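Below: one structure, written as structure tokens.
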Amino acid sequence: MTANADAMNASPPEDGLSGPRFVSAITTLVIAVGMSSLDTSIANTALPTIATDVNASAAASVWVVNAYQLALVVSLLPLASLGEIIGYRRVYVWGLFGFTLASLLCAVSWSLPTLTAARVVQGFGASGIMSVNTALIRFIYPSKSLGRGVGYNALVVAVSTAIGPTVAAAILSVGSWQWLFAINVPLGVVAFALAVRVLPETNHAAYRFDFGSAALNALTFGCLIFGIGEAAHGVSHAVSGTVLGIAAVSGLLLVRWQLKLPAPMFPVDLYRRPMFALSSLTAFCSFSAQGLAFVSLPFYFQTVLGLSAVQTGLLLTPWPVMTAVLAPIAGPLSDRYPPAILGGVGLAILCAGLALVAALPNHPGTVGIVWRMMVCGAGFGFFQSPNLKAIMSSAPPDRSGGASGIVATSRLVGQAVGAALVALCFGISMSHGPALALALGAVFAGSGSLVSFSRLAARPVGQPVRSHVSQPG
């Protein structure tokens, strides 16, 4: 009875939250989404240090990263579906609890197997956060300010992902690798305490959780990300090809299975909506471009230009800084102007920026690099918020979980594809590989811009912005 009363007290007003409760709800989302996004990239920088400390080989230590990413990607859509059934608030709270506990376990790990196991748990916790955070925004912000809400969310995700290596380097300069994970614990406790008090309770769907869909989803996306990663690390074509073949077959079975369901876990019903399908494709293109840039640029700065790691970090900084400046501006603009135009313009700017970086002279000056990176960051920031709003607003309110899951899945798959293509470019030419990867990133961004503008011709599906009847949990 107490739990039911708490859930009823957590019910939001008709159109979003307000006052101190609104501020607290946004605070817990910012902390949790920032931590989970940061941890997708922060461990990369510490891998050599971790491998030495736990007496593991470089190849084996890669599983510190792989374990987190695989757990994250295989559970995003299942947990998003679970959020529609039991409420987004519950999935988020339990995900945050698991992420915080796993961060503590990572910090006290004494071997590679224990750290890898803790990272698996941390990945599942991060998935609980990422799978429903965008859906929660829809019930926290008033409908007229939805663009502003997704703008701030896009800002947190983009900046957290981009500054991961810089944050890791700063922490490692004053402490051991364990602090990369220990720092999450107090932040997680604060976010958890806020979440259980202020997050809104949302509608509960009538259908049951589909374990068959969850298994096929895990096999499809797990094999896809694993196969892409193995290809990027130079594993034999037979191994990576077999794994990717399994992903393709299981993916076809997954789609056929979902077509029979009224509320599919892999949201094929939403992909029937042109605006949603085109917006998801645009997101994939943008994150592929970002992945190509963020993996290739450090090699370009250090290997080709001969710069230090510190200089490299400083030269990468203008990108997230400009993203931080433009994302909050583009979000409110998407409440007034078509996201198709805003997103198309943003990706066109990103395309131009990447092309300019790829065409840098043999001995570029610092100013020349910085302003080009600023162009890239401005374009990426101007695109993200409007596109995220387009994805969420094109889905019915009762399918916000499926849409939110696709947002995170598009980001992870796009980044993985971008990283794999960087490896391919380096295989073609080590000296010209970074420039080739950046040029390919420009192609992805340009293609995404065209897809974004094509949404102007997409016929919107009429629907209210929010339909909300709170049910106690």
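Going by the structure tokens order, chains are called A, B, ..., each with residues numbered from 1, while ligands are numbered from 1 in the order shown.
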### Task
Compile the contact shell of Pro113 in chain A as a PyMOL selection string: residues with an atom at most 12 Å away, counting only C-alpha atoms, same-chain residues fewer than 5 positions apart removed.
chain A and resi 51+54-56+60-64+67+105-106+118-120
Selected residues, C-alpha atoms, written as a compact mmCIF listing (two decimals), in the first residue's frame, please.
```
# COMPACT_ATOMS: atom_id res chain seq x y z
CA ALA A 51 46.24 -4.17 -18.48
CA VAL A 54 46.06 -6.65 -13.58
CA ASN A 55 48.79 -8.45 -15.57
CA ALA A 56 46.63 -8.88 -18.67
CA ALA A 60 42.48 -9.44 -23.33
CA SER A 61 42.06 -6.01 -21.74
CA VAL A 62 39.85 -4.92 -24.63
CA TRP A 63 37.07 -6.92 -22.95
CA VAL A 64 36.86 -4.19 -20.31
CA ALA A 67 31.79 -6.28 -22.00
CA LEU A 105 32.45 -3.31 -7.90
CA CYS A 106 34.64 -2.05 -10.76
CA ALA A 118 31.50 -5.87 -13.02
CA ARG A 119 31.51 -4.06 -16.37
CA VAL A 120 28.80 -6.41 -17.64
```
Select from range 333-451 of chain A every residue with an atom at most 10 Å from any atom of range 267-282 of chain A, then for each give the shortest pair of atoms and their distance in Å to one decimal, using only C-alpha atoms, rows by chain and rising number, as JSON lines.
```
{"residue": "A:Pro339", "atom": "CA", "partner": "A:Ser279", "partner_atom": "CA", "distance": 9.3}
{"residue": "A:Ala340", "atom": "CA", "partner": "A:Ser279", "partner_atom": "CA", "distance": 8.5}
{"residue": "A:Gly343", "atom": "CA", "partner": "A:Thr282", "partner_atom": "CA", "distance": 8.6}
{"residue": "A:Gly344", "atom": "CA", "partner": "A:Thr282", "partner_atom": "CA", "distance": 9.1}
{"residue": "A:Leu347", "atom": "CA", "partner": "A:Thr282", "partner_atom": "CA", "distance": 9.1}
{"residue": "A:Phe383", "atom": "CA", "partner": "A:Thr282", "partner_atom": "CA", "distance": 9.6}
{"residue": "A:Gln384", "atom": "CA", "partner": "A:Thr282", "partner_atom": "CA", "distance": 9.8}
{"residue": "A:Pro386", "atom": "CA", "partner": "A:Ser279", "partner_atom": "CA", "distance": 9.7}
{"residue": "A:Asn387", "atom": "CA", "partner": "A:Ser279", "partner_atom": "CA", "distance": 6.2}
{"residue": "A:Leu388", "atom": "CA", "partner": "A:Ser279", "partner_atom": "CA", "distance": 7.9}
{"residue": "A:Lys389", "atom": "CA", "partner": "A:Ser279", "partner_atom": "CA", "distance": 9.4}
{"residue": "A:Ala390", "atom": "CA", "partner": "A:Ser279", "partner_atom": "CA", "distance": 6.6}
{"residue": "A:Ile391", "atom": "CA", "partner": "A:Phe276", "partner_atom": "CA", "distance": 5.3}
{"residue": "A:Met392", "atom": "CA", "partner": "A:Phe276", "partner_atom": "CA", "distance": 8.0}
{"residue": "A:Ser393", "atom": "CA", "partner": "A:Phe276", "partner_atom": "CA", "distance": 8.6}
{"residue": "A:Ser394", "atom": "CA", "partner": "A:Phe276", "partner_atom": "CA", "distance": 5.6}
{"residue": "A:Ala395", "atom": "CA", "partner": "A:Leu270", "partner_atom": "CA", "distance": 6.5}
{"residue": "A:Pro396", "atom": "CA", "partner": "A:Leu270", "partner_atom": "CA", "distance": 8.7}
{"residue": "A:Arg399", "atom": "CA", "partner": "A:Leu270", "partner_atom": "CA", "distance": 8.3}
{"residue": "A:Gly401", "atom": "CA", "partner": "A:Pro267", "partner_atom": "CA", "distance": 9.6}
{"residue": "A:Gly402", "atom": "CA", "partner": "A:Pro267", "partner_atom": "CA", "distance": 5.9}
{"residue": "A:Ala403", "atom": "CA", "partner": "A:Pro267", "partner_atom": "CA", "distance": 7.5}
{"residue": "A:Gly405", "atom": "CA", "partner": "A:Pro267", "partner_atom": "CA", "distance": 9.1}
{"residue": "A:Ile406", "atom": "CA", "partner": "A:Ser280", "partner_atom": "CA", "distance": 7.4}
{"residue": "A:Val407", "atom": "CA", "partner": "A:Ser280", "partner_atom": "CA", "distance": 7.3}
{"residue": "A:Thr409", "atom": "CA", "partner": "A:Ser280", "partner_atom": "CA", "distance": 9.6}
{"residue": "A:Ser410", "atom": "CA", "partner": "A:Ser280", "partner_atom": "CA", "distance": 6.8}
{"residue": "A:Arg411", "atom": "CA", "partner": "A:Ser280", "partner_atom": "CA", "distance": 9.5}
{"residue": "A:Gly414", "atom": "CA", "partner": "A:Leu281", "partner_atom": "CA", "distance": 9.8}
{"residue": "A:Phe444", "atom": "CA", "partner": "A:Thr282", "partner_atom": "CA", "distance": 9.3}
{"residue": "A:Ala445", "atom": "CA", "partner": "A:Thr282", "partner_atom": "CA", "distance": 8.6}
{"residue": "A:Ser447", "atom": "CA", "partner": "A:Thr282", "partner_atom": "CA", "distance": 8.2}
{"residue": "A:Gly448", "atom": "CA", "partner": "A:Thr282", "partner_atom": "CA", "distance": 4.8}
{"residue": "A:Ser449", "atom": "CA", "partner": "A:Thr282", "partner_atom": "CA", "distance": 7.4}
{"residue": "A:Leu450", "atom": "CA", "partner": "A:Thr282", "partner_atom": "CA", "distance": 8.8}
{"residue": "A:Val451", "atom": "CA", "partner": "A:Thr282", "partner_atom": "CA", "distance": 6.2}
```
Item to complete: Report as a PyMOL selection string: the residues of range 151-204 of chain A with a DSSP assignment of alpha helix (DSSP H), based on the backbone of this structure.
Response: chain A and resi 151-162+164-172+178-182+184-198
In Å and to one decimal, CA of Ala289 in chain A is distant from CA of Gly229 in chain A by 16.8 Å
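The space separating CA of Asn133 in chain A from CA of Arg21 in chain A comes to 16.4 Å.
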For range 295-297 of chain A, please output as a short mmCIF file (atom, residue, chain, number, x, y, z; two decimals) with C-alpha atoms, in the first residue's frame all residues within 7 Å (counting only C-alpha atoms; exclusion window: fewer than 6 positions along the same chain).
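Once written, around32.cif looks like this:
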```cif
data_model
loop_
_atom_site.label_atom_id
_atom_site.label_comp_id
_atom_site.auth_asym_id
_atom_site.auth_seq_id
_atom_site.Cartn_x
_atom_site.Cartn_y
_atom_site.Cartn_z
CA ALA A 419 35.07 2.73 -35.62
CA VAL A 422 38.34 3.69 -39.48
CA PRO A 434 42.94 9.34 -41.04
CA ALA A 437 38.26 8.23 -42.63
#
```
Fill in: Residue neighbourhood Phe97 in chain A, 8 Å, only C-alpha atoms, exclusion window fewer than 5 positions, as a PyMOL selection string
chain A and resi 125+188+192
**Item:** Shell around range 150-161 of chain A at 6 Å using only C-alpha atoms, local window under 5 positions removed, as a ChimeraX atom specification
**Value:** /A:34,37-38,320,324,327-328,331,385
Those same residues, written as a JSON list (two decimals), in the first residue's frame with C-alpha atoms?
```json
[["chain", "number", "residue", "atom", "x", "y", "z"],
["A", 34, "GLY", "CA", 26.13, 11.85, -18.23],
["A", 37, "SER", "CA", 27.45, 8.06, -21.70],
["A", 38, "LEU", "CA", 30.87, 8.92, -20.31],
["A", 320, "PRO", "CA", 32.25, 19.25, -27.63],
["A", 324, "ALA", "CA", 27.48, 22.39, -25.83],
["A", 327, "ALA", "CA", 22.53, 22.05, -28.73],
["A", 328, "PRO", "CA", 20.58, 24.17, -26.19],
["A", 331, "GLY", "CA", 16.41, 22.51, -29.06],
["A", 385, "SER", "CA", 18.36, 18.24, -30.65]]
```
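Residue neighbourhood of Gly16 in chain A, excluding near-sequence residues (fewer than 2 positions): Pro13, Phe139, Ile140, Tyr141 and Pro142 of chain A, at 6 Å, using only C-alpha atoms.
We find CA of Ala238 in chain A and CA of Ala423 in chain A to be spaced 17.0 Å apart.
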Find the residues around Asp398 in chain A up to 12 Å (only C-alpha atoms counted), leave out those fewer than 3 positions away in its own chain, and share them as a PyMOL selection string.
-> chain A and resi 80-81+83-85+87-88+135-136+138-139+202-207+262-263+270+392-395+401-404+463-469
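Nearest residue to Met374 in chain A among A:Leu47, A:Ile163, A:Leu316, A:Ala355 is A:Leu316, counting only C-alpha atoms.
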Closest of A:Ala117, A:Val91, A:Ala126, A:Ser18 to Ala32 in chain A, counting only C-alpha atoms, is A:Ala126
